[in-house]
>>> print(open('protein_11.cif').read())   # mmCIF, C-alpha atoms; chains and numbers go by the auth columns
data_upload
#
loop_
_atom_site.group_PDB
_atom_site.id
_atom_site.type_symbol
_atom_site.label_atom_id
_atom_site.label_comp_id
_atom_site.label_asym_id
_atom_site.label_seq_id
_atom_site.Cartn_x
_atom_site.Cartn_y
_atom_site.Cartn_z
_atom_site.B_iso_or_equiv
_atom_site.auth_seq_id
_atom_site.auth_asym_id
ATOM 1 C CA LYS A 1 -12.698 21.071 1.739 0.00 1 A
ATOM 2 C CA LYS A 2 -13.629 20.097 -1.799 0.00 2 A
ATOM 3 C CA PHE A 3 -10.028 19.194 -2.597 0.00 3 A
ATOM 4 C CA ILE A 4 -9.504 16.893 0.391 0.00 4 A
ATOM 5 C CA GLY A 5 -12.882 15.286 -0.345 0.00 5 A
ATOM 6 C CA LEU A 6 -11.715 14.582 -3.886 0.00 6 A
ATOM 7 C CA CYS A 7 -8.546 13.063 -2.432 0.00 7 A
ATOM 8 C CA ALA A 8 -10.629 10.727 -0.272 0.00 8 A
ATOM 9 C CA GLY A 9 -12.484 9.584 -3.368 0.00 9 A
ATOM 10 C CA ARG A 10 -9.129 8.658 -4.902 0.00 10 A
ATOM 11 C CA VAL A 11 -7.737 6.723 -1.928 0.00 11 A
ATOM 12 C CA GLY A 12 -5.583 3.803 -3.054 0.00 12 A
ATOM 13 C CA GLN A 13 -5.348 5.146 -6.603 0.00 13 A
ATOM 14 C CA GLU A 14 -2.440 6.483 -8.601 0.00 14 A
ATOM 15 C CA ILE A 15 -2.612 10.264 -8.566 0.00 15 A
ATOM 16 C CA ASN A 16 -3.895 11.837 -11.749 0.00 16 A
ATOM 17 C CA PHE A 17 -2.881 15.465 -11.355 0.00 17 A
ATOM 18 C CA SER A 18 -4.851 16.544 -14.421 0.00 18 A
ATOM 19 C CA SER A 19 -8.053 14.935 -13.119 0.00 19 A
ATOM 20 C CA LEU A 20 -7.701 16.547 -9.680 0.00 20 A
ATOM 21 C CA SER A 21 -6.989 19.880 -11.335 0.00 21 A
ATOM 22 C CA ASN A 22 -10.080 19.716 -13.523 0.00 22 A
ATOM 23 C CA ASP A 23 -12.444 18.441 -10.814 0.00 23 A
ATOM 24 C CA CYS A 24 -11.367 21.086 -8.299 0.00 24 A
ATOM 25 C CA GLY A 25 -10.986 23.983 -10.729 0.00 25 A
ATOM 26 C CA ILE A 26 -7.350 24.696 -9.884 0.00 26 A
ATOM 27 C CA ASP A 27 -4.124 24.362 -11.854 0.00 27 A
ATOM 28 C CA GLN A 28 -1.794 21.380 -11.520 0.00 28 A
ATOM 29 C CA LYS A 29 0.857 23.433 -9.738 0.00 29 A
ATOM 30 C CA THR A 30 -1.678 24.173 -6.990 0.00 30 A
ATOM 31 C CA VAL A 31 -2.678 20.492 -6.862 0.00 31 A
ATOM 32 C CA ARG A 32 0.937 19.508 -6.211 0.00 32 A
ATOM 33 C CA SER A 33 1.330 22.268 -3.633 0.00 33 A
ATOM 34 C CA TRP A 34 -1.803 21.274 -1.710 0.00 34 A
ATOM 35 C CA LEU A 35 -0.863 17.585 -1.788 0.00 35 A
ATOM 36 C CA SER A 36 2.522 18.552 -0.373 0.00 36 A
ATOM 37 C CA VAL A 37 0.841 20.433 2.485 0.00 37 A
ATOM 38 C CA LEU A 38 -1.446 17.479 3.259 0.00 38 A
ATOM 39 C CA GLU A 39 1.528 15.101 3.272 0.00 39 A
ATOM 40 C CA ALA A 40 3.657 17.403 5.450 0.00 40 A
ATOM 41 C CA SER A 41 0.685 17.594 7.858 0.00 41 A
ATOM 42 C CA TYR A 42 0.525 13.772 8.075 0.00 42 A
ATOM 43 C CA ILE A 43 -2.980 13.722 6.634 0.00 43 A
ATOM 44 C CA ILE A 44 -2.072 11.789 3.498 0.00 44 A
ATOM 45 C CA PHE A 45 0.835 9.571 2.485 0.00 45 A
ATOM 46 C CA LEU A 46 2.041 9.283 -1.101 0.00 46 A
ATOM 47 C CA LEU A 47 3.220 5.731 -1.743 0.00 47 A
ATOM 48 C CA GLN A 48 5.933 5.958 -4.364 0.00 48 A
ATOM 49 C CA PRO A 49 6.433 3.342 -7.102 0.00 49 A
ATOM 50 C CA TYR A 50 9.312 0.923 -6.597 0.00 50 A
ATOM 51 C CA TYR A 51 12.332 2.113 -8.501 0.00 51 A
ATOM 52 C CA ARG A 52 13.906 -1.169 -9.640 0.00 52 A
ATOM 53 C CA ASN A 53 12.501 -1.919 -13.069 0.00 53 A
ATOM 54 C CA PHE A 54 13.747 -5.506 -13.657 0.00 54 A
ATOM 55 C CA GLY A 55 13.682 -4.710 -17.377 0.00 55 A
ATOM 56 C CA LYS A 56 10.000 -3.704 -17.240 0.00 56 A
ATOM 57 C CA ARG A 57 8.290 -0.434 -18.115 0.00 57 A
ATOM 58 C CA LEU A 58 6.841 0.770 -14.823 0.00 58 A
ATOM 59 C CA ILE A 59 4.095 3.036 -13.568 0.00 59 A
ATOM 60 C CA LYS A 60 5.665 6.258 -12.252 0.00 60 A
ATOM 61 C CA SER A 61 2.840 8.078 -10.435 0.00 61 A
ATOM 62 C CA PRO A 62 2.510 7.672 -6.632 0.00 62 A
ATOM 63 C CA LYS A 63 -0.585 6.274 -4.935 0.00 63 A
ATOM 64 C CA LEU A 64 -2.560 8.328 -2.433 0.00 64 A
ATOM 65 C CA TYR A 65 -3.417 7.008 1.046 0.00 65 A
ATOM 66 C CA PHE A 66 -4.763 8.600 4.222 0.00 66 A
ATOM 67 C CA ILE A 67 -2.836 8.320 7.501 0.00 67 A
ATOM 68 C CA ASP A 68 -6.173 8.299 9.384 0.00 68 A
ATOM 69 C CA THR A 69 -8.512 5.919 7.572 0.00 69 A
ATOM 70 C CA GLY A 70 -11.348 7.141 9.769 0.00 70 A
ATOM 71 C CA LEU A 71 -10.929 10.622 8.308 0.00 71 A
ATOM 72 C CA ALA A 72 -11.118 9.186 4.800 0.00 72 A
ATOM 73 C CA CYS A 73 -14.316 7.333 5.725 0.00 73 A
ATOM 74 C CA SER A 74 -15.807 10.513 7.189 0.00 74 A
ATOM 75 C CA LEU A 75 -15.009 12.462 4.012 0.00 75 A
ATOM 76 C CA LEU A 76 -16.674 9.675 2.017 0.00 76 A
ATOM 77 C CA ARG A 77 -19.724 9.901 4.323 0.00 77 A
ATOM 78 C CA ILE A 78 -19.310 6.316 5.530 0.00 78 A
ATOM 79 C CA LYS A 79 -20.986 6.310 8.942 0.00 79 A
ATOM 80 C CA SER A 80 -20.753 2.674 10.064 0.00 80 A
ATOM 81 C CA SER A 81 -18.849 -0.562 9.572 0.00 81 A
ATOM 82 C CA GLU A 82 -21.949 -1.958 7.851 0.00 82 A
ATOM 83 C CA GLU A 83 -21.805 0.797 5.240 0.00 83 A
ATOM 84 C CA LEU A 84 -18.099 0.152 4.747 0.00 84 A
ATOM 85 C CA LEU A 85 -18.671 -3.553 4.029 0.00 85 A
ATOM 86 C CA ASN A 86 -20.620 -2.745 0.874 0.00 86 A
ATOM 87 C CA HIS A 87 -18.772 0.402 -0.186 0.00 87 A
ATOM 88 C CA ALA A 88 -17.055 0.524 -3.576 0.00 88 A
ATOM 89 C CA LEU A 89 -13.841 1.776 -1.931 0.00 89 A
ATOM 90 C CA ARG A 90 -13.717 -0.852 0.810 0.00 90 A
ATOM 91 C CA GLY A 91 -10.648 -2.552 -0.669 0.00 91 A
ATOM 92 C CA ALA A 92 -8.824 0.747 -1.115 0.00 92 A
ATOM 93 C CA LEU A 93 -9.630 1.814 2.440 0.00 93 A
ATOM 94 C CA VAL A 94 -8.301 -1.467 3.824 0.00 94 A
ATOM 95 C CA GLU A 95 -5.132 -0.873 1.807 0.00 95 A
ATOM 96 C CA SER A 96 -4.917 2.609 3.311 0.00 96 A
ATOM 97 C CA LEU A 97 -5.304 1.195 6.826 0.00 97 A
ATOM 98 C CA VAL A 98 -2.522 -1.350 6.313 0.00 98 A
ATOM 99 C CA ILE A 99 -0.130 1.047 4.574 0.00 99 A
ATOM 100 C CA SER A 100 -0.696 3.628 7.308 0.00 100 A
ATOM 101 C CA ASP A 101 0.005 1.075 10.041 0.00 101 A
ATOM 102 C CA LEU A 102 3.213 -0.091 8.375 0.00 102 A
ATOM 103 C CA LEU A 103 4.330 3.525 8.061 0.00 103 A
ATOM 104 C CA LYS A 104 3.667 4.131 11.762 0.00 104 A
ATOM 105 C CA GLN A 105 5.570 0.957 12.681 0.00 105 A
ATOM 106 C CA GLN A 106 8.583 2.218 10.747 0.00 106 A
ATOM 107 C CA TYR A 107 8.450 5.571 12.522 0.00 107 A
ATOM 108 C CA ASN A 108 8.167 3.765 15.872 0.00 108 A
ATOM 109 C CA HIS A 109 11.390 1.909 15.026 0.00 109 A
ATOM 110 C CA GLU A 110 13.051 5.223 14.127 0.00 110 A
ATOM 111 C CA LEU A 111 13.202 4.240 10.456 0.00 111 A
ATOM 112 C CA LEU A 112 12.721 6.405 7.426 0.00 112 A
ATOM 113 C CA PRO A 113 9.745 5.259 5.334 0.00 113 A
ATOM 114 C CA SER A 114 10.770 2.530 2.884 0.00 114 A
ATOM 115 C CA LEU A 115 7.343 1.566 1.565 0.00 115 A
ATOM 116 C CA TYR A 116 6.591 1.357 -2.145 0.00 116 A
ATOM 117 C CA PHE A 117 4.199 -0.263 -4.574 0.00 117 A
ATOM 118 C CA TRP A 118 5.193 -2.034 -7.782 0.00 118 A
ATOM 119 C CA ARG A 119 3.256 -2.170 -11.033 0.00 119 A
ATOM 120 C CA ASP A 120 4.385 -2.640 -14.610 0.00 120 A
ATOM 121 C CA ALA A 121 2.733 -1.371 -17.765 0.00 121 A
ATOM 122 C CA THR A 122 0.982 -4.702 -18.388 0.00 122 A
ATOM 123 C CA GLY A 123 -0.860 -4.645 -15.035 0.00 123 A
ATOM 124 C CA ASN A 124 1.287 -6.949 -12.902 0.00 124 A
ATOM 125 C CA GLU A 125 1.275 -5.473 -9.413 0.00 125 A
ATOM 126 C CA VAL A 126 2.325 -5.850 -5.781 0.00 126 A
ATOM 127 C CA ASP A 127 0.416 -3.647 -3.323 0.00 127 A
ATOM 128 C CA CYS A 128 3.374 -2.905 -1.054 0.00 128 A
ATOM 129 C CA VAL A 129 7.122 -3.515 -1.233 0.00 129 A
ATOM 130 C CA ILE A 130 9.200 -2.913 1.885 0.00 130 A
ATOM 131 C CA ASP A 131 12.845 -2.294 1.025 0.00 131 A
ATOM 132 C CA GLU A 132 15.198 -2.447 3.997 0.00 132 A
ATOM 133 C CA GLY A 133 18.374 -2.771 1.979 0.00 133 A
ATOM 134 C CA GLN A 134 19.271 -6.458 1.940 0.00 134 A
ATOM 135 C CA VAL A 135 15.739 -7.415 2.966 0.00 135 A
ATOM 136 C CA ILE A 136 13.000 -6.803 0.403 0.00 136 A
ATOM 137 C CA VAL A 137 9.503 -7.966 1.290 0.00 137 A
ATOM 138 C CA PRO A 138 6.475 -7.926 -1.043 0.00 138 A
ATOM 139 C CA ILE A 139 3.004 -7.682 0.498 0.00 139 A
ATOM 140 C CA GLU A 140 -0.469 -8.141 -0.964 0.00 140 A
ATOM 141 C CA ILE A 141 -3.403 -6.505 0.850 0.00 141 A
ATOM 142 C CA LYS A 142 -6.899 -7.983 0.561 0.00 142 A
ATOM 143 C CA SER A 143 -10.122 -6.912 2.256 0.00 143 A
ATOM 144 C CA SER A 144 -11.630 -10.382 1.850 0.00 144 A
ATOM 145 C CA GLN A 145 -12.155 -12.498 4.953 0.00 145 A
ATOM 146 C CA THR A 146 -11.212 -15.682 3.105 0.00 146 A
ATOM 147 C CA ILE A 147 -8.020 -16.586 1.245 0.00 147 A
ATOM 148 C CA ILE A 148 -7.949 -17.928 -2.307 0.00 148 A
ATOM 149 C CA PRO A 149 -4.871 -19.040 -4.297 0.00 149 A
ATOM 150 C CA ASN A 150 -5.251 -16.139 -6.749 0.00 150 A
ATOM 151 C CA PHE A 151 -4.198 -13.728 -3.958 0.00 151 A
ATOM 152 C CA PHE A 152 -0.624 -15.002 -4.372 0.00 152 A
ATOM 153 C CA LYS A 153 -0.451 -14.354 -8.132 0.00 153 A
ATOM 154 C CA GLY A 154 1.303 -10.990 -7.828 0.00 154 A
ATOM 155 C CA LEU A 155 3.748 -12.337 -5.243 0.00 155 A
ATOM 156 C CA ALA A 156 4.668 -15.273 -7.462 0.00 156 A
ATOM 157 C CA TYR A 157 5.288 -12.990 -10.437 0.00 157 A
ATOM 158 C CA TRP A 158 7.347 -10.645 -8.276 0.00 158 A
ATOM 159 C CA ARG A 159 9.534 -13.522 -7.087 0.00 159 A
ATOM 160 C CA SER A 160 10.129 -14.692 -10.657 0.00 160 A
ATOM 161 C CA ILE A 161 11.355 -11.322 -11.944 0.00 161 A
ATOM 162 C CA SER A 162 13.064 -9.909 -8.847 0.00 162 A
ATOM 163 C CA LYS A 163 15.079 -13.062 -8.092 0.00 163 A
ATOM 164 C CA THR A 164 14.586 -12.429 -4.373 0.00 164 A
ATOM 165 C CA GLU A 165 13.982 -15.015 -1.700 0.00 165 A
ATOM 166 C CA GLY A 166 12.636 -14.502 1.793 0.00 166 A
ATOM 167 C CA GLN A 167 9.158 -14.147 3.191 0.00 167 A
ATOM 168 C CA ARG A 168 6.139 -12.918 1.259 0.00 168 A
ATOM 169 C CA TYR A 169 2.949 -11.803 2.963 0.00 169 A
ATOM 170 C CA VAL A 170 -0.752 -11.523 2.274 0.00 170 A
ATOM 171 C CA ILE A 171 -2.576 -9.333 4.790 0.00 171 A
ATOM 172 C CA TYR A 172 -6.318 -9.943 4.699 0.00 172 A
ATOM 173 C CA GLY A 173 -9.585 -9.086 6.410 0.00 173 A
ATOM 174 C CA GLY A 174 -9.973 -12.392 8.284 0.00 174 A
ATOM 175 C CA LYS A 175 -9.054 -13.205 11.869 0.00 175 A
ATOM 176 C CA GLU A 176 -6.731 -16.205 11.613 0.00 176 A
ATOM 177 C CA ASP A 177 -3.105 -16.270 10.467 0.00 177 A
ATOM 178 C CA GLN A 178 -2.316 -18.999 7.957 0.00 178 A
ATOM 179 C CA VAL A 179 0.756 -20.597 6.414 0.00 179 A
ATOM 180 C CA TRP A 180 0.690 -21.273 2.667 0.00 180 A
ATOM 181 C CA THR A 181 3.561 -22.524 0.551 0.00 181 A
ATOM 182 C CA GLN A 182 3.242 -19.331 -1.526 0.00 182 A
ATOM 183 C CA GLY A 183 3.611 -17.045 1.482 0.00 183 A
ATOM 184 C CA GLN A 184 2.614 -16.120 5.008 0.00 184 A
ATOM 185 C CA VAL A 185 -0.985 -14.982 5.551 0.00 185 A
ATOM 186 C CA LEU A 186 -1.578 -12.438 8.323 0.00 186 A
ATOM 187 C CA SER A 187 -4.816 -11.137 9.732 0.00 187 A
ATOM 188 C CA TRP A 188 -4.998 -7.349 9.654 0.00 188 A
ATOM 189 C CA GLN A 189 -5.497 -7.592 13.428 0.00 189 A
ATOM 190 C CA ASN A 190 -2.162 -9.388 13.922 0.00 190 A
ATOM 191 C CA MET A 191 0.193 -7.266 11.802 0.00 191 A
ATOM 192 C CA GLY A 192 1.307 -4.903 14.555 0.00 192 A
ATOM 193 C CA ASN A 193 4.829 -6.388 14.747 0.00 193 A
ATOM 194 C CA LEU A 194 5.371 -6.987 11.034 0.00 194 A
ATOM 195 C CA ILE A 195 8.112 -4.386 10.607 0.00 195 A
ATOM 196 C CA LYS A 196 9.959 -5.864 13.594 0.00 196 A
ATOM 197 C CA LEU A 197 9.703 -9.343 12.045 0.00 197 A
ATOM 198 C CA ILE A 198 11.000 -8.031 8.721 0.00 198 A
ATOM 199 C CA LEU A 199 13.970 -6.327 10.376 0.00 199 A
ATOM 200 C CA ASN A 200 14.940 -9.661 11.934 0.00 200 A
ATOM 201 C CA GLN A 201 14.809 -11.549 8.639 0.00 201 A
ATOM 202 C CA LYS A 202 17.825 -12.868 6.762 0.00 202 A
ATOM 203 C CA PRO A 203 18.831 -11.000 3.583 0.00 203 A
ATOM 204 C CA SER A 204 16.531 -11.768 0.667 0.00 204 A
ATOM 205 C CA ILE A 205 18.985 -10.601 -2.006 0.00 205 A
ATOM 206 C CA ALA A 206 22.636 -11.393 -2.577 0.00 206 A
ATOM 207 C CA PRO A 207 25.085 -8.853 -1.094 0.00 207 A
#
>>> encode(input="protein_11.cif", output="structure tokens")
Amino acid sequence: KKFIGLCAGRVGQEINFSSLSNDCGIDQKTVRSWLSVLEASYIIFLLQPYYRNFGKRLIKSPKLYFIDTGLACSLLRIKSSEELLNHALRGALVESLVISDLLKQQYNHELLPSLYFWRDATGNEVDCVIDEGQVIVPIEIKSSQTIIPNFFKGLAYWRSISKTEGQRYVIYGGKEDQVWTQGQVLSWQNMGNLIKLILNQKPSIAP
């Protein structure tokens, strides 16, 4: 119980095996074993770093997300949507909700998970990269209910180094979809067919 509670407190973060080991009083081998059990039980999902380095030194540790965001909230003792609005982990929990939904969409389309995150050693980051072979789609996830130009910063940097074309998305906490020159903005409420849309896209990289 203590271990899974500590996992909830690290939702959306890169896993620090040493920190989990110390806080729970177990060795790192046990940490890895228990994480494996939680992942095999579809309680957590470990989002792996994207493997193409584009000449950059990359972060190598996976990020931890919960399949059921409600369970994560319960473990964090968040009892209402009002409490969530002001919680320090609100952004991470919204990320977990979106990542979990994308994962479920892939399973529903009989696809193996192809979700990653990308971050280099200097802090440039994209929250989620979906790699379907010839179609590679970067996604930023924001809990804010309003869109500001800075939300597209990571997507613009990604485009410049990856040399990929195609659609780029920002999923946010508002209700209305929007079209920006920097990318497509989707409400978290309207992202239920995103994987289907991505599968129908033209290749974003040269064959």
>>> residues_around(input="protein_11.cif", residues="Ile78 in chain A", least_positions_apart="4", cutoff="12 Å", atoms="only C-alpha atoms", output="PyMOL selection string")
chain A and resi 8-9+69-74+82-90+93
>>> resolve_selection(input="protein_11.cif", expression="the PyMOL selection byres ((chain A and resi 169-183) around 9)", output="PyMOL selection string")
chain A and resi 94+98+137-147+149+151-152+155-156+167-168+184-191
>>> write_last_selection(input="protein_11.cif", atoms="C-alpha atoms", output="PDB file, in the frame of the given file")
ATOM      1  CA  VAL A  94      -8.301  -1.467   3.824  1.00  0.00           C
ATOM      2  CA  VAL A  98      -2.522  -1.350   6.313  1.00  0.00           C
ATOM      3  CA  VAL A 137       9.503  -7.966   1.290  1.00  0.00           C
ATOM      4  CA  PRO A 138       6.475  -7.926  -1.043  1.00  0.00           C
ATOM      5  CA  ILE A 139       3.004  -7.682   0.498  1.00  0.00           C
ATOM      6  CA  GLU A 140      -0.469  -8.141  -0.964  1.00  0.00           C
ATOM      7  CA  ILE A 141      -3.403  -6.505   0.850  1.00  0.00           C
ATOM      8  CA  LYS A 142      -6.899  -7.983   0.561  1.00  0.00           C
ATOM      9  CA  SER A 143     -10.122  -6.912   2.256  1.00  0.00           C
ATOM     10  CA  SER A 144     -11.630 -10.382   1.850  1.00  0.00           C
ATOM     11  CA  GLN A 145     -12.155 -12.498   4.953  1.00  0.00           C
ATOM     12  CA  THR A 146     -11.212 -15.682   3.105  1.00  0.00           C
ATOM     13  CA  ILE A 147      -8.020 -16.586   1.245  1.00  0.00           C
ATOM     14  CA  PRO A 149      -4.871 -19.040  -4.297  1.00  0.00           C
ATOM     15  CA  PHE A 151      -4.198 -13.728  -3.958  1.00  0.00           C
ATOM     16  CA  PHE A 152      -0.624 -15.002  -4.372  1.00  0.00           C
ATOM     17  CA  LEU A 155       3.748 -12.337  -5.243  1.00  0.00           C
ATOM     18  CA  ALA A 156       4.668 -15.273  -7.462  1.00  0.00           C
ATOM     19  CA  GLN A 167       9.158 -14.147   3.191  1.00  0.00           C
ATOM     20  CA  ARG A 168       6.139 -12.918   1.259  1.00  0.00           C
ATOM     21  CA  GLN A 184       2.614 -16.120   5.008  1.00  0.00           C
ATOM     22  CA  VAL A 185      -0.985 -14.982   5.551  1.00  0.00           C
ATOM     23  CA  LEU A 186      -1.578 -12.438   8.323  1.00  0.00           C
ATOM     24  CA  SER A 187      -4.816 -11.137   9.732  1.00  0.00           C
ATOM     25  CA  TRP A 188      -4.998  -7.349   9.654  1.00  0.00           C
ATOM     26  CA  GLN A 189      -5.497  -7.592  13.428  1.00  0.00           C
ATOM     27  CA  ASN A 190      -2.162  -9.388  13.922  1.00  0.00           C
ATOM     28  CA  MET A 191       0.193  -7.266  11.802  1.00  0.00           C
TER      29      MET A 191
END
>>> residues_around(input="protein_11.cif", residues="Ser18 in chain A", least_positions_apart="6", cutoff="12 Å", atoms="all atoms listed in the file", output="PyMOL selection string")
chain A and resi 24-32
>>> atom_distance(input="protein_11.cif", atom1="CA of Ile4 in chain A", atom2="CA of Lys104 in chain A")
21.6 Å
>>> atom_distance(input="protein_11.cif", atom1="CA of Gly12 in chain A", atom2="CA of Glu165 in chain A")
27.2 Å
>>> closest_residue(input="protein_11.cif", among="A:Ile44, A:Asn193, A:Gly166, A:Leu58", to="Thr122 in chain A", atoms="all atoms listed in the file")
A:Leu58
>>> closest_residue(input="protein_11.cif", among="A:Ile43, A:Leu194, A:Leu76, A:Ser36", to="Leu6 in chain A", atoms="all atoms listed in the file")
A:Leu76
